[in-house]
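Peer 1: The structure is given below, and queries will be raised subsequently.
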Amino acid sequence: MYQGLQFEAVDLPPGAEALRADVRAFLARESEWRPNSDFNAGDSAAFSQRLAAQGWIGMTWPAQYGGGERSFLERYVVTEELLAAGAPVGCHWIADRQSGPLLLRFGTEAQREKFLPAITRGECFFSIGMSEPDSGSDLASIRTSAVKVDGGWLLNGSKIWTSGAHNNHYIIALVRTAPASENRHAGFSQFIVGLKDSGVTVRGIRNLAGDTDFNQVFFDDVFVPDDHVVGEPGNGWTQVMSELGYERSGPERFLSAFRVIVEFVRGFGEQPDEAQLVLLGRIVAHLVTLRRMSISVAGMLEAGKLPNTEAALVKDVGNSFERLVPELIRLQISAQPHPALREALQDCILHAPSFTLRGGTREILRGVIARGLGLR
Amino acid sequence: MEELKLVQETSQRIFADLCVPDTVDAAEQGTFPAALWQALSDNGLTHAHLEENRGGSGGGLPAAFIILREAGRACAPVPLAETLLANWLLAGASISPAPARRSVARHGLDLSDNKLSGSATLPGGGHCDEFVFLVDDHLVVMAPSDCQWQPERNMAGEVDALVTFAGQPVTAHSLTGEQAAAAELFFAAARAQQMAGAIEAMLALSVDYAQTRSQFGKPIAGFQAIQQQLAILAGEAAASVRAADALLGNGLALADVAIAKARIGEASSIACDIAHQVHGAIGYTLEHQLNHRSRRLWVWRDEAGNERYWQHRLGNAVLADGADGLWPFITNLA
């Protein structure tokens, strides 16, 4: 009989509130960006560097690589403050959230020494190379591949939906390094490829919101040295699964619409009507509950567990909530909303379709949850 | 936390032994589950939240809420939430409540010159030994036989008592204004616990059903349409449990109670929808046990303030801090 998923109450550690106050004070001194709580919305290399100088990139990593050796829960406090304030975290977000942890877990010592300190200084940014034009949810069907040559590999193929590839330094690409066989998940490796390397072409793709942070990256006989294979050749699938599962539950999965909610409240005027107050209460009830679930998962990660189902669940419930927020708010505001609300709402509506597509589509996540329930 | 674990395990054992689907059906037919109530009473579960000098075991509100989570999971057809509230209020009026089945009415009555007037509904009052009335900061305790009342069956097949007074002389006990105001929060928190337990039970039943029921040559759990729906239900169950758990540590703070009752209310509607869909026609019968949970959720979501009521109160509380106070409001909630 099904036993249930656990989302235990987790206390933030002592010192968390002081850390939170520090982050708020730092953000109060920063002001040159338009707040947007979508983690993908703003990139500023300069901001990432200033954040790094505070010790807030690579917070949980070992000190020998420039990390802060702080807990997952402390990192949680910093990341949620940044998102709630709508800070431009885009440049370093992927490197901090998953590329660095991937190298820590599976990379060689040389890779850790080469890349991690630069990431913690806010000087080295990574893109994710997984999807291809013919391979999205079915990641195992990718065709980008490499053949062994002297001293390394020769890489051919292309990756798509690579956010930030026009600006970032490296892409970690999932690549087929052995022919396809009956085991769909065998024969993959992960390569670290310099985005300015010879043979690498980055072509921008404009999304319907008008942004070009989406890209297609083409590899044309790109030489990748042996020491840029993450960990062992052939271990790519296991590595990529752990990379994906790791941060599905973070606050970025339910805070994307937060600035819209703030401006919604700001727009209430003298006497908000009952329907506006009811909607605000409904939204806050969802938000607080999601945050509590998300912190639970951070606590499980802290305790060394691998809460795949719980993480997928938080992302799914969170993403659905984020998509719903602008749809509900638009019906409870004046026909002439104040400029900040109008802009935040429009931005959110245009980006909302991506919330339930990125990092694992809603349908795939629900499949992961179903597996966790014992249904498949 | 050790004591809470013990309370939880004791409750689970009692409900597993003495509250099976047949018990719930029989109760609807008019057979009050006396053995179940006796076990709850004998094991001190109706008093677990009270201080020892009031006949309790000092477990506080968390103990009451843990018991109610299990009661909701089992759909126990007894006025347990109502008795726990009544006993809490009586203790607050310096009365050590004797073991009894009780219910509390909090609206619709007027007390002037110690005379009670008006009409009120006592949830689960159909099988009570005592009626407790909360009017402003006063408690009035009466035997049902001394009241004018009629039974009212609700959607879940449980019996409420609709009571009317026309200037009846009574004795009133005093409560602090704080506790009288908190009665509303207690009852909403109580229903939130029951609902969270019932929603978890619906998820377990639905997963089990999907794995057992076969169509087109395989268990229906093998179909994506079913998997996707149950994943949604699991999300709602997780959110409900997390919101209800927050009340175990934080007491009766308005924000936490409002969040729980509102969020779990929303979850209950989705849960009933999906559970019934997955169970197909058999789940729609009275004979199948799914209705024990769904009919109760349909009643409980509208009792003690429904989603709209608590969303409104929460919205007002949040508004007080303004737009830039919204994030600190949220991070201040553990």
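We label chains A, B, ... in the order they appear in the structure tokens, count residues from 1 in each chain, and number ligands from 1 in the order shown.
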Contacts between chain A and chain B, please, where a residue of chain B counts if it comes within 6 Å (with only C-alpha atoms); show its shortest atom pair and distance in Å to one decimal, rows by chain and ascending number, as a Markdown table.
Peer 2:
```
| residue | atom | partner | partner_atom | distance |
| --- | --- | --- | --- | --- |
| B:Ala204 | CA | A:Tyr2 | CA | 5.5 |
| B:Ala221 | CA | A:Leu375 | CA | 5.2 |
| B:Gln227 | CA | A:Ala370 | CA | 5.4 |
| B:Gln228 | CA | A:Arg366 | CA | 5.5 |
| B:Ala231 | CA | A:Arg366 | CA | 5.3 |
| B:Gly235 | CA | A:Leu313 | CA | 5.9 |
| B:Ala243 | CA | A:Thr289 | CA | 5.9 |
| B:Ile259 | CA | A:Ala285 | CA | 4.5 |
| B:Arg263 | CA | A:Ala285 | CA | 5.8 |
| B:Gln311 | CA | A:Gly281 | CA | 4.1 |
| B:His312 | CA | A:Val278 | CA | 4.2 |
| B:Leu314 | CA | A:Gly281 | CA | 4.8 |
| B:Gly315 | CA | A:Gly281 | CA | 4.1 |
| B:Ala323 | CA | A:Arg266 | CA | 5.0 |
```
Peer 1: Could you give me the residues within segment 140-212 of chain B that DSSP places in helix (DSSP H, G or I), as JSON, numbers by chain?
Peer 2: {"B": [144, 145, 146, 177, 178, 179, 180, 181, 182, 183, 184, 185, 186, 187, 188, 189, 190, 191, 192, 193, 194, 195, 196, 197, 198, 199, 200, 201, 202, 203, 204, 205, 206, 207, 208, 209, 210, 211, 212]}
Peer 1: Restricting the output to C-alpha atoms, write the selected residues as a JSON list (two decimals), in the first residue's frame.
Peer 2:
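Output below, filename result_4.json:
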```json
[["chain", "number", "residue", "atom", "x", "y", "z"],
["B", 144, "PRO", "CA", -29.24, 18.13, 24.95],
["B", 145, "SER", "CA", -32.36, 17.10, 26.83],
["B", 146, "ASP", "CA", -32.58, 20.65, 28.21],
["B", 177, "GLY", "CA", -11.26, 37.35, 25.09],
["B", 178, "GLU", "CA", -8.14, 35.90, 23.50],
["B", 179, "GLN", "CA", -9.27, 32.32, 23.84],
["B", 180, "ALA", "CA", -12.81, 33.09, 22.75],
["B", 181, "ALA", "CA", -11.45, 34.69, 19.59],
["B", 182, "ALA", "CA", -9.08, 31.76, 19.08],
["B", 183, "ALA", "CA", -11.93, 29.25, 19.05],
["B", 184, "GLU", "CA", -12.54, 30.06, 15.39],
["B", 185, "LEU", "CA", -8.87, 29.45, 14.63],
["B", 186, "PHE", "CA", -8.88, 26.19, 16.59],
["B", 187, "PHE", "CA", -11.84, 24.81, 14.67],
["B", 188, "ALA", "CA", -10.47, 25.85, 11.29],
["B", 189, "ALA", "CA", -7.13, 24.26, 12.19],
["B", 190, "ALA", "CA", -8.96, 21.13, 13.34],
["B", 191, "ARG", "CA", -10.85, 20.81, 10.07],
["B", 192, "ALA", "CA", -7.61, 21.49, 8.17],
["B", 193, "GLN", "CA", -6.01, 18.50, 9.90],
["B", 194, "GLN", "CA", -8.94, 16.22, 9.14],
["B", 195, "MET", "CA", -8.96, 17.35, 5.52],
["B", 196, "ALA", "CA", -5.22, 16.78, 5.08],
["B", 197, "GLY", "CA", -5.58, 13.25, 6.47],
["B", 198, "ALA", "CA", -8.56, 12.52, 4.23],
["B", 199, "ILE", "CA", -6.76, 13.83, 1.14],
["B", 200, "GLU", "CA", -3.75, 11.62, 1.88],
["B", 201, "ALA", "CA", -6.11, 8.68, 2.26],
["B", 202, "MET", "CA", -7.72, 9.49, -1.09],
["B", 203, "LEU", "CA", -4.30, 9.49, -2.74],
["B", 204, "ALA", "CA", -3.42, 6.13, -1.20],
["B", 205, "LEU", "CA", -6.78, 4.63, -2.22],
["B", 206, "SER", "CA", -6.45, 5.99, -5.75],
["B", 207, "VAL", "CA", -2.90, 4.71, -6.25],
["B", 208, "ASP", "CA", -3.94, 1.33, -4.92],
["B", 209, "TYR", "CA", -6.99, 1.22, -7.17],
["B", 210, "ALA", "CA", -5.02, 2.19, -10.26],
["B", 211, "GLN", "CA", -2.51, -0.56, -9.58],
["B", 212, "THR", "CA", -5.21, -3.17, -9.07]]
```
Peer 1: Find the spatial neighbours of Leu333 of chain B, counting only C-alpha atoms, within a cut-off of 10 Å - ignore same-chain residues fewer than 4 positions away - and output them as a PyMOL selection string.
Peer 2: (chain A and resi 288+291-292) or (chain B and resi 246+250+253+255-256+328-329)
Peer 1: For segment 346-349 of chain A, find every residue with an atom within 10 Å (counting only C-alpha atoms), except residues of its own chain fewer than 4 positions away, and show them as a ChimeraX atom specification.
Peer 2: /A:36-38,41,209,256-260,322-327,330,340-342,353-355
Peer 1: Since we have the selection now, will you write its residues out, keeping N, CA, C and O atoms, as an mmCIF file, in the first residue's frame?
Peer 2:
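After the write, again.cif holds the following:
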```cif
data_model
loop_
_atom_site.group_PDB
_atom_site.id
_atom_site.type_symbol
_atom_site.label_atom_id
_atom_site.label_comp_id
_atom_site.auth_asym_id
_atom_site.auth_seq_id
_atom_site.Cartn_x
_atom_site.Cartn_y
_atom_site.Cartn_z
ATOM 1 N N ASN A 36 12.964 41.594 -11.717
ATOM 2 C CA ASN A 36 12.232 40.521 -12.386
ATOM 3 C C ASN A 36 12.607 39.220 -11.719
ATOM 4 O O ASN A 36 13.772 38.842 -11.711
ATOM 5 N N SER A 37 11.606 38.564 -11.133
ATOM 6 C CA SER A 37 11.896 37.372 -10.337
ATOM 7 C C SER A 37 12.082 36.097 -11.138
ATOM 8 O O SER A 37 12.308 35.037 -10.568
ATOM 9 N N ASP A 38 11.977 36.201 -12.446
ATOM 10 C CA ASP A 38 12.265 35.051 -13.304
ATOM 11 C C ASP A 38 13.790 34.918 -13.344
ATOM 12 O O ASP A 38 14.477 35.853 -13.762
ATOM 13 N N ALA A 41 15.683 36.063 -16.388
ATOM 14 C CA ALA A 41 15.333 37.334 -17.020
ATOM 15 C C ALA A 41 16.492 38.312 -17.160
ATOM 16 O O ALA A 41 16.618 38.992 -18.163
ATOM 17 N N ALA A 209 8.738 36.528 -26.627
ATOM 18 C CA ALA A 209 8.797 37.721 -25.795
ATOM 19 C C ALA A 209 9.805 38.720 -26.359
ATOM 20 O O ALA A 209 9.948 39.820 -25.840
ATOM 21 N N SER A 256 8.849 32.936 -10.036
ATOM 22 C CA SER A 256 9.014 33.708 -11.277
ATOM 23 C C SER A 256 8.051 34.878 -11.395
ATOM 24 O O SER A 256 8.385 35.896 -11.978
ATOM 25 N N ALA A 257 6.839 34.711 -10.861
ATOM 26 C CA ALA A 257 5.826 35.761 -10.989
ATOM 27 C C ALA A 257 5.793 36.686 -9.780
ATOM 28 O O ALA A 257 4.881 37.505 -9.654
ATOM 29 N N PHE A 258 6.781 36.576 -8.898
ATOM 30 C CA PHE A 258 6.676 37.293 -7.621
ATOM 31 C C PHE A 258 6.558 38.802 -7.773
ATOM 32 O O PHE A 258 5.781 39.455 -7.084
ATOM 33 N N ARG A 259 7.337 39.384 -8.685
ATOM 34 C CA ARG A 259 7.286 40.856 -8.805
ATOM 35 C C ARG A 259 5.908 41.325 -9.280
ATOM 36 O O ARG A 259 5.496 42.440 -8.972
ATOM 37 N N VAL A 260 5.226 40.467 -10.038
ATOM 38 C CA VAL A 260 3.866 40.826 -10.468
ATOM 39 C C VAL A 260 2.959 40.932 -9.243
ATOM 40 O O VAL A 260 2.124 41.826 -9.137
ATOM 41 N N GLU A 322 2.990 29.379 -10.789
ATOM 42 C CA GLU A 322 3.579 30.552 -11.466
ATOM 43 C C GLU A 322 2.804 30.911 -12.720
ATOM 44 O O GLU A 322 2.642 32.086 -13.057
ATOM 45 N N ARG A 323 2.354 29.916 -13.442
ATOM 46 C CA ARG A 323 1.608 30.173 -14.682
ATOM 47 C C ARG A 323 0.228 30.738 -14.385
ATOM 48 O O ARG A 323 -0.302 31.519 -15.153
ATOM 49 N N LEU A 324 -0.324 30.324 -13.280
ATOM 50 C CA LEU A 324 -1.674 30.753 -12.929
ATOM 51 C C LEU A 324 -1.704 32.209 -12.445
ATOM 52 O O LEU A 324 -2.658 32.938 -12.706
ATOM 53 N N VAL A 325 -0.646 32.632 -11.764
ATOM 54 C CA VAL A 325 -0.643 33.965 -11.135
ATOM 55 C C VAL A 325 -0.997 35.098 -12.103
ATOM 56 O O VAL A 325 -1.915 35.872 -11.832
ATOM 57 N N PRO A 326 -0.321 35.248 -13.238
ATOM 58 C CA PRO A 326 -0.688 36.365 -14.118
ATOM 59 C C PRO A 326 -2.102 36.223 -14.674
ATOM 60 O O PRO A 326 -2.792 37.226 -14.892
ATOM 61 N N GLU A 327 -2.563 34.994 -14.878
ATOM 62 C CA GLU A 327 -3.914 34.777 -15.406
ATOM 63 C C GLU A 327 -4.973 35.251 -14.418
ATOM 64 O O GLU A 327 -6.026 35.763 -14.804
ATOM 65 N N ARG A 330 -4.570 39.431 -13.793
ATOM 66 C CA ARG A 330 -5.020 40.322 -14.878
ATOM 67 C C ARG A 330 -6.507 40.643 -14.770
ATOM 68 O O ARG A 330 -6.955 41.683 -15.239
ATOM 69 N N ALA A 340 4.680 49.980 -13.540
ATOM 70 C CA ALA A 340 5.457 48.826 -13.084
ATOM 71 C C ALA A 340 4.618 47.553 -13.123
ATOM 72 O O ALA A 340 5.123 46.473 -13.465
ATOM 73 N N LEU A 341 3.336 47.665 -12.793
ATOM 74 C CA LEU A 341 2.455 46.492 -12.833
ATOM 75 C C LEU A 341 2.201 46.075 -14.266
ATOM 76 O O LEU A 341 2.281 44.888 -14.610
ATOM 77 N N ARG A 342 1.936 47.050 -15.116
ATOM 78 C CA ARG A 342 1.665 46.724 -16.518
ATOM 79 C C ARG A 342 2.854 46.001 -17.138
ATOM 80 O O ARG A 342 2.704 44.980 -17.803
ATOM 81 N N PRO A 353 4.707 30.637 -20.704
ATOM 82 C CA PRO A 353 4.739 29.289 -21.312
ATOM 83 C C PRO A 353 6.034 28.542 -21.002
ATOM 84 O O PRO A 353 6.039 27.321 -20.878
ATOM 85 N N SER A 354 7.120 29.283 -20.825
ATOM 86 C CA SER A 354 8.407 28.618 -20.578
ATOM 87 C C SER A 354 8.501 28.022 -19.170
ATOM 88 O O SER A 354 9.302 27.114 -18.941
ATOM 89 N N PHE A 355 7.677 28.505 -18.236
ATOM 90 C CA PHE A 355 7.802 28.026 -16.855
ATOM 91 C C PHE A 355 7.577 26.522 -16.754
ATOM 92 O O PHE A 355 8.243 25.839 -15.988
#
```
Peer 1: Record the distance separating atom CA of Ala52 of chain A and atom CA of Arg34 of chain A, expressed in Å with one decimal.
Peer 2: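 These atoms are spaced 20.4 Å apart.
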Peer 1: Just the residues within 12 Å of segment 227-235 of chain A, please, counting only C-alpha atoms, with nothing from its chain fewer than 5 positions along; format it as an NGL selection string.
Peer 2: :A and (99-112 or 114-115 or 146-148 or 151-155 or 170-180 or 185-194 or 240-242)
Peer 1: Keeping C-alpha atoms, export the residues of the selection given above as an mmCIF file, in the first residue's frame.
Peer 2:
```
data_model
loop_
_atom_site.group_PDB
_atom_site.id
_atom_site.type_symbol
_atom_site.label_atom_id
_atom_site.label_comp_id
_atom_site.auth_asym_id
_atom_site.auth_seq_id
_atom_site.Cartn_x
_atom_site.Cartn_y
_atom_site.Cartn_z
ATOM 1 C CA SER A 99 27.545 22.952 -13.443
ATOM 2 C CA GLY A 100 29.743 23.438 -10.380
ATOM 3 C CA PRO A 101 27.991 20.691 -8.385
ATOM 4 C CA LEU A 102 28.327 18.388 -11.395
ATOM 5 C CA LEU A 103 32.090 18.928 -11.485
ATOM 6 C CA LEU A 104 32.269 18.462 -7.732
ATOM 7 C CA ARG A 105 30.435 15.183 -7.927
ATOM 8 C CA PHE A 106 31.759 13.649 -11.148
ATOM 9 C CA GLY A 107 34.539 15.865 -12.515
ATOM 10 C CA THR A 108 38.277 15.272 -12.332
ATOM 11 C CA GLU A 109 40.367 17.069 -9.753
ATOM 12 C CA ALA A 110 41.947 19.106 -12.539
ATOM 13 C CA GLN A 111 38.499 20.208 -13.722
ATOM 14 C CA ARG A 112 37.495 21.207 -10.226
ATOM 15 C CA LYS A 114 40.321 24.849 -13.211
ATOM 16 C CA PHE A 115 36.669 25.857 -13.185
ATOM 17 C CA ALA A 146 32.160 12.575 -30.916
ATOM 18 C CA VAL A 147 34.813 10.205 -32.215
ATOM 19 C CA LYS A 148 38.068 9.493 -30.437
ATOM 20 C CA GLY A 151 44.554 13.512 -27.247
ATOM 21 C CA GLY A 152 40.807 14.011 -27.256
ATOM 22 C CA TRP A 153 37.609 13.866 -29.286
ATOM 23 C CA LEU A 154 36.201 15.385 -32.441
ATOM 24 C CA LEU A 155 32.714 16.711 -31.801
ATOM 25 C CA TYR A 170 31.438 27.168 -21.600
ATOM 26 C CA ILE A 171 28.755 24.695 -22.465
ATOM 27 C CA ILE A 172 28.527 21.276 -20.827
ATOM 28 C CA ALA A 173 27.181 19.120 -23.609
ATOM 29 C CA LEU A 174 25.699 15.653 -23.429
ATOM 30 C CA VAL A 175 27.326 13.768 -26.289
ATOM 31 C CA ARG A 176 27.140 10.267 -27.727
ATOM 32 C CA THR A 177 30.623 8.738 -27.534
ATOM 33 C CA ALA A 178 29.725 5.123 -28.248
ATOM 34 C CA PRO A 179 27.208 3.763 -30.756
ATOM 35 C CA ALA A 180 23.575 3.331 -29.735
ATOM 36 C CA HIS A 185 21.197 5.120 -21.668
ATOM 37 C CA ALA A 186 24.637 3.743 -22.447
ATOM 38 C CA GLY A 187 27.306 5.414 -24.573
ATOM 39 C CA PHE A 188 26.959 9.025 -23.412
ATOM 40 C CA SER A 189 29.556 11.424 -22.060
ATOM 41 C CA GLN A 190 29.547 15.031 -20.969
ATOM 42 C CA PHE A 191 32.000 17.437 -22.586
ATOM 43 C CA ILE A 192 33.069 20.901 -21.425
ATOM 44 C CA VAL A 193 33.306 22.970 -24.596
ATOM 45 C CA GLY A 194 34.482 26.559 -24.842
ATOM 46 C CA VAL A 240 23.082 14.215 -16.498
ATOM 47 C CA MET A 241 20.260 12.656 -14.469
ATOM 48 C CA SER A 242 21.870 13.768 -11.246
#
```
Peer 1: What's around Val24 of chain B at 8 Å? Count only C-alpha atoms, leave out sequence neighbours fewer than 6 positions away in its own chain, and write the answer as a list in words.
Peer 2: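 Residues near the query, excluding close chain neighbours: Cys75, Ala76, Pro77 and His292 of chain B.
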Peer 1: Near segment 164-171 of chain B, within 7 Å and counting only C-alpha atoms, which residues show up once chain neighbours fewer than 4 positions away are dropped, as a list in words?
Peer 2: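 So, after excluding close chain neighbours, the residues are Asn114, Lys115, Leu116, Ser117, Gly118, Ser119, Ala120, Val140, Gln148 and Trp149 of chain B.
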Peer 1: One decimal, Å: what's the distance from atom CA of Glu303 of chain B over to atom CA of Val135 of chain B, could you say?
Peer 2: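 Separation of atom CA of Glu303 of chain B and atom CA of Val135 of chain B: 18.4 Å.
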Peer 1: Can you measure atom CA of Lys159 of chain A to atom CA of Asn215 of chain A for me? One decimal in Å is fine.
Peer 2: 8.3 Å
Peer 1: Using DSSP assignments from the backbone, pull out every residue in segment 88-130 of chain B that falls under strand (DSSP E or B) and give it to me as number ranges by chain.
Peer 2: B: 102-105, 109-112, 115-122, 130
